[in-house]
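Participant: So here's entry-v5.pdb, just PDB, C-alpha atoms:
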```
ATOM      1  CA  MET A  16      12.418  28.601 -48.076
ATOM      2  CA  HIS A  17       9.064  27.656 -49.617
ATOM      3  CA  GLU A  18       5.583  28.481 -48.343
ATOM      4  CA  ALA A  19       3.604  25.405 -47.396
ATOM      5  CA  MET A  20       0.275  24.273 -48.762
ATOM      6  CA  LEU A  21      -2.824  23.291 -46.824
ATOM      7  CA  TYR A  22      -2.807  25.280 -43.620
ATOM      8  CA  GLU A  23      -5.081  27.755 -41.872
ATOM      9  CA  LYS A  24      -4.476  30.718 -39.600
ATOM     10  CA  LEU A  25      -5.685  30.624 -35.990
ATOM     11  CA  GLU A  26      -5.684  33.155 -33.178
ATOM     12  CA  ASP A  27      -2.516  34.583 -31.640
ATOM     13  CA  GLY A  28      -0.416  33.842 -34.726
ATOM     14  CA  ALA A  29      -0.835  30.081 -34.479
ATOM     15  CA  LEU A  30      -1.375  27.938 -37.579
ATOM     16  CA  ARG A  31      -3.196  24.670 -38.211
ATOM     17  CA  CYS A  32      -1.399  22.369 -40.657
ATOM     18  CA  ASP A  33      -3.949  20.342 -42.631
ATOM     19  CA  LEU A  34      -1.457  18.189 -44.504
ATOM     20  CA  CYS A  35      -1.459  15.093 -42.286
ATOM     21  CA  ALA A  36      -3.899  13.635 -39.802
ATOM     22  CA  HIS A  37      -2.048  15.083 -36.806
ATOM     23  CA  ARG A  38      -3.373  18.499 -37.905
ATOM     24  CA  CYS A  39      -0.691  20.155 -35.786
ATOM     25  CA  LYS A  40      -1.384  23.470 -34.131
ATOM     26  CA  ILE A  41       1.918  25.275 -34.651
ATOM     27  CA  ARG A  42       2.726  28.391 -32.653
ATOM     28  CA  PRO A  43       5.060  31.134 -33.953
ATOM     29  CA  GLY A  44       8.638  29.964 -34.218
ATOM     30  CA  LYS A  45       7.684  26.317 -33.650
ATOM     31  CA  LEU A  46       7.697  23.170 -35.780
ATOM     32  CA  GLY A  47       5.058  20.522 -36.430
ATOM     33  CA  VAL A  48       5.416  16.890 -35.373
ATOM     34  CA  CYS A  49       7.395  16.162 -38.549
ATOM     35  CA  ALA A  50       9.941  18.885 -37.602
ATOM     36  CA  VAL A  51      10.144  20.113 -41.209
ATOM     37  CA  ARG A  52       7.245  22.607 -41.227
ATOM     38  CA  GLU A  53       7.710  25.857 -39.351
ATOM     39  CA  ASN A  54       5.519  28.805 -38.390
ATOM     40  CA  ARG A  55       7.518  31.909 -39.235
ATOM     41  CA  ASP A  56       5.666  35.105 -38.415
ATOM     42  CA  GLY A  57       2.251  33.661 -39.213
ATOM     43  CA  THR A  58       3.222  31.873 -42.423
ATOM     44  CA  LEU A  59       3.843  28.122 -42.624
ATOM     45  CA  TYR A  60       7.001  27.136 -44.458
ATOM     46  CA  THR A  61       8.332  23.784 -45.565
ATOM     47  CA  LEU A  62      12.027  23.377 -44.759
ATOM     48  CA  VAL A  63      12.634  20.494 -47.169
ATOM     49  CA  TYR A  64      11.358  21.742 -50.539
ATOM     50  CA  GLY A  65      13.794  20.598 -53.227
ATOM     51  CA  ARG A  66      16.199  19.291 -50.564
ATOM     52  CA  SER A  67      16.743  15.646 -51.373
ATOM     53  CA  ILE A  68      18.272  13.426 -48.709
ATOM     54  CA  SER A  69      18.267  10.412 -51.035
ATOM     55  CA  ALA A  70      17.840   9.771 -54.760
ATOM     56  CA  ALA A  71      18.247   6.455 -56.581
ATOM     57  CA  VAL A  72      16.976   4.298 -59.417
ATOM     58  CA  ASP A  73      15.101   1.281 -58.024
ATOM     59  CA  PRO A  74      13.173  -1.632 -59.467
ATOM     60  CA  ILE A  75       9.514  -0.882 -58.919
ATOM     61  CA  GLU A  76       9.242  -4.208 -57.083
ATOM     62  CA  LYS A  77      11.334  -2.677 -54.272
ATOM     63  CA  LYS A  78       8.512  -0.285 -53.276
ATOM     64  CA  PRO A  79       6.979  -2.965 -53.196
ATOM     65  CA  LEU A  80       4.613  -2.699 -56.156
ATOM     66  CA  TYR A  81       4.095  -6.030 -57.918
ATOM     67  CA  HIS A  82       1.083  -5.168 -60.066
ATOM     68  CA  PHE A  83       1.942  -1.692 -61.357
ATOM     69  CA  LEU A  84       4.234  -1.633 -64.407
ATOM     70  CA  PRO A  85       6.128  -4.780 -63.325
ATOM     71  CA  GLY A  86       9.737  -4.984 -64.442
ATOM     72  CA  THR A  87      10.178  -1.210 -64.801
ATOM     73  CA  THR A  88      12.316   1.173 -62.756
ATOM     74  CA  ALA A  89      11.345   4.045 -60.482
ATOM     75  CA  PHE A  90      13.386   7.154 -59.803
ATOM     76  CA  SER A  91      13.118   7.362 -56.017
ATOM     77  CA  ILE A  92      13.476  10.527 -53.944
ATOM     78  CA  ALA A  93      13.089  11.481 -50.289
ATOM     79  CA  THR A  94      13.700  14.347 -47.918
ATOM     80  CA  ALA A  95      14.448  14.205 -44.212
ATOM     81  CA  GLY A  96      11.497  13.887 -41.867
ATOM     82  CA  CYS A  97       8.422  11.860 -41.025
ATOM     83  CA  ASN A  98       5.125  12.394 -39.236
ATOM     84  CA  PHE A  99       5.515   9.029 -37.453
ATOM     85  CA  ARG A 100       8.181   7.829 -35.023
ATOM     86  CA  CYS A 101       8.030   4.090 -35.715
ATOM     87  CA  LEU A 102      10.291   2.311 -33.252
ATOM     88  CA  PHE A 103      11.097  -0.327 -35.881
ATOM     89  CA  CYS A 104      11.841   2.074 -38.772
ATOM     90  CA  GLN A 105      14.251   0.670 -41.353
ATOM     91  CA  ASN A 106      15.160   4.185 -42.563
ATOM     92  CA  ALA A 107      15.354   5.985 -39.213
ATOM     93  CA  ASP A 108      18.696   7.541 -40.136
ATOM     94  CA  ILE A 109      16.853   9.819 -42.579
ATOM     95  CA  SER A 110      13.199   9.669 -41.470
ATOM     96  CA  GLN A 111      14.013  10.841 -37.938
ATOM     97  CA  LEU A 112      16.908  13.093 -38.916
ATOM     98  CA  SER A 113      14.893  16.306 -38.677
ATOM     99  CA  LYS A 114      13.896  15.417 -35.101
ATOM    100  CA  GLU A 115      17.109  13.880 -33.810
ATOM    101  CA  GLY A 116      19.715  15.713 -35.881
ATOM    102  CA  GLY A 117      19.070  19.169 -34.489
ATOM    103  CA  LYS A 118      19.279  22.167 -36.785
ATOM    104  CA  GLY A 119      22.289  20.761 -38.614
ATOM    105  CA  TRP A 120      20.429  18.041 -40.511
ATOM    106  CA  GLY A 121      20.259  20.214 -43.636
ATOM    107  CA  ARG A 122      23.927  19.629 -44.374
ATOM    108  CA  TYR A 123      23.044  16.067 -45.389
ATOM    109  CA  ALA A 124      20.609  17.234 -48.077
ATOM    110  CA  ARG A 125      21.337  18.421 -51.591
ATOM    111  CA  ASP A 126      19.433  20.704 -53.914
ATOM    112  CA  LEU A 127      17.387  18.674 -56.363
ATOM    113  CA  PRO A 128      14.523  20.806 -57.721
ATOM    114  CA  PRO A 129      11.451  19.229 -59.329
ATOM    115  CA  GLU A 130      12.639  19.976 -62.874
ATOM    116  CA  ARG A 131      15.894  18.150 -62.199
ATOM    117  CA  VAL A 132      14.111  15.148 -60.669
ATOM    118  CA  VAL A 133      11.941  14.725 -63.753
ATOM    119  CA  SER A 134      14.925  15.207 -66.065
ATOM    120  CA  MET A 135      16.939  12.577 -64.211
ATOM    121  CA  ALA A 136      14.018  10.132 -64.203
ATOM    122  CA  ALA A 137      13.631  10.538 -67.961
ATOM    123  CA  SER A 138      17.366  10.213 -68.647
ATOM    124  CA  HIS A 139      17.485   6.933 -66.676
ATOM    125  CA  GLY A 140      14.472   5.562 -68.572
ATOM    126  CA  CYS A 141      12.321   5.339 -65.450
ATOM    127  CA  ALA A 142       8.614   4.794 -65.977
ATOM    128  CA  THR A 143       7.795   6.295 -62.592
ATOM    129  CA  ILE A 144       8.947   8.645 -59.856
ATOM    130  CA  ALA A 145       8.561   7.210 -56.360
ATOM    131  CA  TYR A 146       8.262   9.473 -53.341
ATOM    132  CA  THR A 147       9.586   7.067 -50.763
ATOM    133  CA  TYR A 148      12.171   6.083 -48.113
ATOM    134  CA  THR A 149      10.745   8.605 -45.610
ATOM    135  CA  GLU A 150       7.154   9.942 -45.804
ATOM    136  CA  PRO A 151       5.987  11.836 -48.910
ATOM    137  CA  THR A 152       3.233  13.572 -46.962
ATOM    138  CA  ILE A 153       5.757  15.733 -45.101
ATOM    139  CA  PHE A 154       7.473  16.855 -48.327
ATOM    140  CA  PHE A 155       4.173  17.197 -50.151
ATOM    141  CA  GLU A 156       4.857  20.544 -51.855
ATOM    142  CA  TYR A 157       8.034  19.109 -53.377
ATOM    143  CA  ALA A 158       6.228  15.923 -54.430
ATOM    144  CA  TYR A 159       3.234  17.894 -55.746
ATOM    145  CA  ASP A 160       5.287  20.127 -58.048
ATOM    146  CA  THR A 161       7.421  17.211 -59.215
ATOM    147  CA  ALA A 162       4.387  15.010 -59.871
ATOM    148  CA  ARG A 163       2.700  17.658 -62.029
ATOM    149  CA  LEU A 164       5.819  18.018 -64.183
ATOM    150  CA  ALA A 165       6.269  14.247 -64.384
ATOM    151  CA  SER A 166       2.684  13.701 -65.562
ATOM    152  CA  GLN A 167       3.241  16.188 -68.351
ATOM    153  CA  GLN A 168       6.237  14.099 -69.470
ATOM    154  CA  GLY A 169       4.284  10.817 -69.357
ATOM    155  CA  ILE A 170       6.023   9.642 -66.181
ATOM    156  CA  LYS A 171       3.780   8.131 -63.494
ATOM    157  CA  ASN A 172       3.941   9.023 -59.799
ATOM    158  CA  ILE A 173       4.033   6.680 -56.795
ATOM    159  CA  PHE A 174       3.670   7.322 -53.078
ATOM    160  CA  VAL A 175       5.197   4.842 -50.652
ATOM    161  CA  THR A 176       3.452   6.076 -47.565
ATOM    162  CA  ASN A 177       2.182   5.442 -44.059
ATOM    163  CA  GLY A 178      -1.201   6.747 -45.233
ATOM    164  CA  PHE A 179      -1.501   9.264 -42.390
ATOM    165  CA  MET A 180      -2.550  12.189 -44.587
ATOM    166  CA  THR A 181      -5.747  14.214 -44.766
ATOM    167  CA  PRO A 182      -8.374  13.905 -47.511
ATOM    168  CA  GLN A 183      -7.438  17.456 -48.571
ATOM    169  CA  THR A 184      -3.907  16.294 -49.355
ATOM    170  CA  LEU A 185      -5.155  13.542 -51.636
ATOM    171  CA  ASP A 186      -7.657  15.882 -53.281
ATOM    172  CA  ALA A 187      -4.820  18.331 -53.970
ATOM    173  CA  ILE A 188      -2.615  15.862 -55.837
ATOM    174  CA  GLY A 189      -5.605  14.285 -57.581
ATOM    175  CA  ASP A 190      -4.923  12.663 -60.955
ATOM    176  CA  ASP A 191      -1.164  13.176 -60.678
ATOM    177  CA  LEU A 192      -0.930  10.270 -58.218
ATOM    178  CA  HIS A 193      -1.078   6.968 -60.074
ATOM    179  CA  ALA A 194      -0.074   4.273 -57.575
ATOM    180  CA  ALA A 195       0.698   3.838 -53.903
ATOM    181  CA  ASN A 196       2.000   1.260 -51.518
ATOM    182  CA  ILE A 197       0.522   2.020 -48.112
ATOM    183  CA  ASP A 198       1.840   0.603 -44.852
ATOM    184  CA  LEU A 199      -1.018  -0.853 -42.845
ATOM    185  CA  LYS A 200       1.190  -1.463 -39.852
ATOM    186  CA  ALA A 201      -1.395  -3.230 -37.703
ATOM    187  CA  PHE A 202      -5.126  -3.344 -37.197
ATOM    188  CA  THR A 203      -5.348  -1.821 -33.713
ATOM    189  CA  ASP A 204      -5.145   1.738 -32.474
ATOM    190  CA  GLY A 205      -3.035   0.516 -29.577
ATOM    191  CA  PHE A 206      -0.221  -0.595 -31.866
ATOM    192  CA  TYR A 207      -0.243   2.678 -33.793
ATOM    193  CA  LYS A 208      -0.112   4.750 -30.602
ATOM    194  CA  LYS A 209       2.580   2.666 -28.900
ATOM    195  CA  PHE A 210       4.941   1.994 -31.777
ATOM    196  CA  CYS A 211       4.263   4.746 -34.354
ATOM    197  CA  GLY A 212       2.795   7.788 -32.657
ATOM    198  CA  GLY A 213      -0.291   7.694 -34.847
ATOM    199  CA  ARG A 214      -3.788   6.269 -35.212
ATOM    200  CA  LEU A 215      -5.322   3.529 -37.334
ATOM    201  CA  GLN A 216      -8.493   5.133 -38.720
ATOM    202  CA  PRO A 217      -6.856   7.873 -40.834
ATOM    203  CA  VAL A 218      -4.775   5.182 -42.553
ATOM    204  CA  LEU A 219      -7.860   3.124 -43.363
ATOM    205  CA  ASP A 220      -9.544   6.280 -44.645
ATOM    206  CA  SER A 221      -6.585   7.034 -46.924
ATOM    207  CA  ILE A 222      -6.507   3.504 -48.335
ATOM    208  CA  THR A 223     -10.212   3.742 -49.112
ATOM    209  CA  LYS A 224      -9.976   7.218 -50.603
ATOM    210  CA  MET A 225      -6.997   6.383 -52.837
ATOM    211  CA  HIS A 226      -8.768   3.272 -54.047
ATOM    212  CA  ASP A 227     -11.908   5.278 -54.802
ATOM    213  CA  MET A 228      -9.828   7.920 -56.636
ATOM    214  CA  GLY A 229      -8.587   5.269 -59.048
ATOM    215  CA  VAL A 230      -5.050   5.161 -57.647
ATOM    216  CA  TRP A 231      -3.555   1.669 -57.939
ATOM    217  CA  VAL A 232      -3.169   0.580 -54.288
ATOM    218  CA  GLU A 233      -1.061  -2.150 -52.717
ATOM    219  CA  VAL A 234      -0.725  -2.619 -48.960
ATOM    220  CA  THR A 235       2.214  -3.771 -46.847
ATOM    221  CA  THR A 236       2.173  -5.099 -43.274
ATOM    222  CA  LEU A 237       5.479  -5.652 -41.470
ATOM    223  CA  LEU A 238       4.885  -8.628 -39.187
ATOM    224  CA  ILE A 239       6.530  -8.121 -35.776
ATOM    225  CA  PRO A 240       6.630 -11.143 -33.437
ATOM    226  CA  GLY A 241       4.290 -10.773 -30.493
ATOM    227  CA  GLU A 242       3.034  -7.325 -31.483
ATOM    228  CA  ASN A 243       0.865  -7.472 -34.620
ATOM    229  CA  ASP A 244       0.965 -11.137 -35.625
ATOM    230  CA  ASP A 245      -2.121 -12.345 -33.757
ATOM    231  CA  GLU A 246      -4.177 -14.482 -36.127
ATOM    232  CA  ASP A 247      -7.486 -12.876 -35.198
ATOM    233  CA  GLU A 248      -6.075  -9.412 -35.853
ATOM    234  CA  LEU A 249      -4.590 -10.516 -39.181
ATOM    235  CA  ARG A 250      -7.915 -12.054 -40.134
ATOM    236  CA  GLN A 251      -9.708  -8.783 -39.402
ATOM    237  CA  LEU A 252      -7.140  -6.873 -41.456
ATOM    238  CA  ALA A 253      -7.372  -9.256 -44.416
ATOM    239  CA  THR A 254     -11.168  -9.249 -44.271
ATOM    240  CA  TRP A 255     -11.170  -5.445 -44.361
ATOM    241  CA  LEU A 256      -8.904  -5.409 -47.418
ATOM    242  CA  ALA A 257     -10.999  -8.065 -49.158
ATOM    243  CA  ALA A 258     -14.172  -6.043 -48.589
ATOM    244  CA  LEU A 259     -12.516  -3.102 -50.315
ATOM    245  CA  ASN A 260     -11.200  -5.052 -53.326
ATOM    246  CA  LEU A 261     -10.319  -8.727 -53.716
ATOM    247  CA  ASP A 262      -7.675  -7.748 -56.274
ATOM    248  CA  LEU A 263      -5.826  -5.465 -53.867
ATOM    249  CA  PRO A 264      -2.346  -7.003 -53.332
ATOM    250  CA  TRP A 265      -1.272  -7.522 -49.720
ATOM    251  CA  HIS A 266       2.460  -7.780 -48.930
ATOM    252  CA  ILE A 267       3.358  -9.370 -45.588
ATOM    253  CA  SER A 268       6.962  -8.541 -44.790
ATOM    254  CA  ARG A 269       9.398 -10.182 -42.435
ATOM    255  CA  PHE A 270      10.634  -7.985 -39.582
ATOM    256  CA  HIS A 271      14.363  -7.431 -39.182
ATOM    257  CA  PRO A 272      15.476  -5.896 -35.840
ATOM    258  CA  ASP A 273      16.309  -2.221 -36.298
ATOM    259  CA  TYR A 274      16.334   1.248 -34.712
ATOM    260  CA  LYS A 275      14.793   1.003 -31.212
ATOM    261  CA  MET A 276      13.597  -2.598 -31.555
ATOM    262  CA  ARG A 277      16.897  -4.376 -32.060
ATOM    263  CA  HIS A 278      16.109  -6.675 -29.138
ATOM    264  CA  TYR A 279      13.175  -8.248 -31.011
ATOM    265  CA  PRO A 280      13.648 -11.514 -32.931
ATOM    266  CA  LEU A 281      13.305 -12.001 -36.654
ATOM    267  CA  THR A 282       9.815 -12.952 -37.750
ATOM    268  CA  PRO A 283       9.628 -16.732 -38.210
ATOM    269  CA  VAL A 284       9.003 -17.608 -41.848
ATOM    270  CA  SER A 285       6.215 -19.874 -40.614
ATOM    271  CA  SER A 286       4.404 -16.785 -39.292
ATOM    272  CA  ILE A 287       4.692 -15.105 -42.689
ATOM    273  CA  HIS A 288       3.290 -18.210 -44.366
ATOM    274  CA  ARG A 289       0.380 -18.384 -41.943
ATOM    275  CA  ALA A 290      -0.446 -14.724 -42.592
ATOM    276  CA  VAL A 291      -0.374 -15.413 -46.346
ATOM    277  CA  GLU A 292      -2.824 -18.281 -45.803
ATOM    278  CA  ILE A 293      -5.098 -15.985 -43.789
ATOM    279  CA  GLY A 294      -5.074 -13.489 -46.646
ATOM    280  CA  TYR A 295      -6.149 -16.126 -49.130
ATOM    281  CA  GLU A 296      -8.737 -17.503 -46.707
ATOM    282  CA  ALA A 297     -10.254 -14.003 -46.572
ATOM    283  CA  GLY A 298     -10.669 -14.140 -50.340
ATOM    284  CA  LEU A 299      -7.783 -11.937 -51.477
ATOM    285  CA  HIS A 300      -6.431 -12.903 -54.891
ATOM    286  CA  TYR A 301      -2.836 -11.733 -54.432
ATOM    287  CA  VAL A 302      -0.919 -12.181 -51.169
ATOM    288  CA  TYR A 303       2.866 -11.984 -50.961
ATOM    289  CA  ALA A 304       5.702 -12.860 -48.590
ATOM    290  CA  GLY A 305       8.190 -10.007 -48.296
ATOM    291  CA  ASN A 306      11.838  -9.965 -47.182
ATOM    292  CA  VAL A 307      12.070 -13.722 -47.811
ATOM    293  CA  PRO A 308      13.999 -14.027 -51.105
ATOM    294  CA  GLY A 309      13.278 -17.238 -52.949
ATOM    295  CA  ASP A 310      10.020 -17.876 -51.135
ATOM    296  CA  PRO A 311       7.305 -19.381 -53.369
ATOM    297  CA  HIS A 312       4.900 -16.707 -52.114
ATOM    298  CA  GLU A 313       6.896 -14.042 -53.973
ATOM    299  CA  HIS A 314       5.332 -15.148 -57.262
ATOM    300  CA  THR A 315       2.196 -13.723 -58.825
ATOM    301  CA  ARG A 316      -0.219 -16.574 -59.431
ATOM    302  CA  CYS A 317      -3.378 -16.679 -61.481
ATOM    303  CA  PRO A 318      -6.415 -16.587 -59.150
ATOM    304  CA  SER A 319      -8.270 -18.942 -61.529
ATOM    305  CA  CYS A 320      -5.805 -21.754 -62.236
ATOM    306  CA  ASP A 321      -2.910 -21.045 -59.819
ATOM    307  CA  ALA A 322      -0.315 -20.945 -62.605
ATOM    308  CA  VAL A 323       2.732 -18.745 -61.965
ATOM    309  CA  ALA A 324       2.258 -15.624 -64.087
ATOM    310  CA  ILE A 325       5.218 -13.603 -62.780
ATOM    311  CA  GLU A 326       8.089 -15.503 -61.214
ATOM    312  CA  ARG A 327      10.215 -13.568 -58.698
ATOM    313  CA  PHE A 328      13.379 -13.914 -56.697
ATOM    314  CA  GLY A 329      13.822 -10.753 -54.661
ATOM    315  CA  TYR A 330      13.666  -7.892 -57.151
ATOM    316  CA  ARG A 331      14.403 -10.064 -60.175
ATOM    317  CA  LEU A 332      11.470 -11.375 -62.152
ATOM    318  CA  ARG A 333      10.459 -13.450 -65.130
ATOM    319  CA  ASN A 334       7.233 -12.150 -66.607
ATOM    320  CA  LYS A 335       5.208 -14.943 -68.215
ATOM    321  CA  LEU A 336       2.043 -12.926 -68.811
ATOM    322  CA  VAL A 337       0.567 -12.932 -72.300
ATOM    323  CA  ASP A 338      -0.509  -9.620 -73.868
ATOM    324  CA  GLY A 339       0.609  -7.783 -70.735
ATOM    325  CA  ASP A 340      -1.981  -9.051 -68.245
ATOM    326  CA  LYS A 341      -3.239 -12.520 -69.229
ATOM    327  CA  CYS A 342      -2.426 -15.834 -67.569
ATOM    328  CA  PRO A 343      -0.033 -17.912 -69.699
ATOM    329  CA  GLN A 344      -1.978 -21.081 -68.872
ATOM    330  CA  CYS A 345      -5.710 -20.295 -68.850
ATOM    331  CA  GLY A 346      -5.859 -16.838 -70.430
ATOM    332  CA  GLU A 347      -7.561 -15.200 -67.418
ATOM    333  CA  THR A 348      -6.990 -11.434 -67.166
ATOM    334  CA  LEU A 349      -5.012 -10.587 -64.023
ATOM    335  CA  ALA A 350      -5.145  -7.312 -62.091
ATOM    336  CA  ILE A 351      -1.968  -5.843 -63.590
ATOM    337  CA  VAL A 352      -1.464  -2.231 -64.645
ATOM    338  CA  THR A 353       0.639  -2.257 -67.804
ATOM    339  CA  ALA A 354       0.500   1.397 -68.918
TER
END
```
Translate this file's structure into structure tokens.
Facilitator:
Amino acid sequence: MHEAMLYEKLEDGALRCDLCAHRCKIRPGKLGVCAVRENRDGTLYTLVYGRSISAAVDPIEKKPLYHFLPGTTAFSIATAGCNFRCLFCQNADISQLSKEGGKGWGRYARDLPPERVVSMAASHGCATIAYTYTEPTIFFEYAYDTARLASQQGIKNIFVTNGFMTPQTLDAIGDDLHAANIDLKAFTDGFYKKFCGGRLQPVLDSITKMHDMGVWVEVTTLLIPGENDDEDELRQLATWLAALNLDLPWHISRFHPDYKMRHYPLTPVSSIHRAVEIGYEAGLHYVYAGNVPGDPHEHTRCPSCDAVAIERFGYRLRNKLVDGDKCPQCGETLAIVTA
């Protein structure tokens, strides 16, 4: 059992968790929305510290991060739990385990302390550690301690996140967070409330804050037919991203029926292509089609001359950049983090 960070004591033994934007008021003996933070006698504890539910070596492109150390690998870890309840979750078997698995979910986890995570990442030659698969915000203490050790070893840290954290959480991790892929699931509060159990504005605030902190940010939107694929909404989303930074990569991923939305159809590839066009029309320099292996919109193209600078097929790539970040055709410097 590990005491949590970022909480405050209220009256009658209740606690306010300040880790995510729900800011749960947790009464004695109760859990927060994520079901992995518990008020025990006036102290907030995290139930998942060092308890990995998944650990694997992934290509960094799987996160997806296309502009941060392309071609390298990330040691990826997760615990059970999430502060959202997305009805379309691709990893619901672990993200919702703490809520739906009762008190027995812990038997699926294994002890993997921060020191061991960093050691394993180094032994596998990983350039980064990715806190992913579920939601790193809800296992923040575990990620925080691991990230500090990783930075000391020259290993970078990545959050793959829904962005529903507080500014205090981002201030706490500070310079030990180097890159993030943030799900911007839609551009309406209605979608977030209906399908995720969250709100839009805290996510936008997190994207802005991470960008302003100097974290390398990429954004992913899973396009669900009839729910968040309206062209006007996509145009608003793309325009918002472009106003923040034209070099911010936007990944538009194809929906596959899963969890509680198995009755929905696959996203038509034509819808993905139209969303990519909308991104470019808004002025973004890098817009990608996701979950469509072999699609020409997987490639990184030079914004100046349109030459293919990084050619991709799924997670495989052929890097044509010169001197790490320059277009092979015109010599323009692309927005690529190489170290």
Participant: Evaluate the PyMOL selection byres ((chain A and resi 289) around 12) here and jot the selected residues down as a PyMOL selection string.
Facilitator: chain A and resi 238+244-247+249-250+267+282-288+290-296+302-304+312
Participant: Take the PyMOL selection byres ((chain A and resi 320-328) around 12), run it mentally on this structure, and tell me the resulting residues as a PyMOL selection string.
Facilitator: chain A and resi 76-77+81-82+85-86+300-301+303-319+329-351
Participant: With all atoms listed in the file as the atoms that count, which of A:Phe210, A:Phe103, A:Lys114, A:Glu130 lies nearest to A:Arg277?
Facilitator: A:Phe103
Participant: Considering only C-alpha atoms, state which residue in the set A:Tyr157, A:Phe83, A:Tyr148, A:Tyr123 is at the smallest distance from A:Ala195.
Facilitator: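 Closest to A:Ala195 of all the choices is A:Phe83.
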Participant: Just give me the gap between atom CA of A:Tyr22 and atom CA of A:Tyr60 in Å, one decimal is fine.
Facilitator: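 Computing the Euclidean distance for atom CA of A:Tyr22 and atom CA of A:Tyr60 yields 10.0 Å.
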Participant: Just to confirm, what's the straight-line distance from atom CA of A:Arg163 to atom CA of A:Arg55 in Å (one decimal)?
Facilitator: 27.3 Å
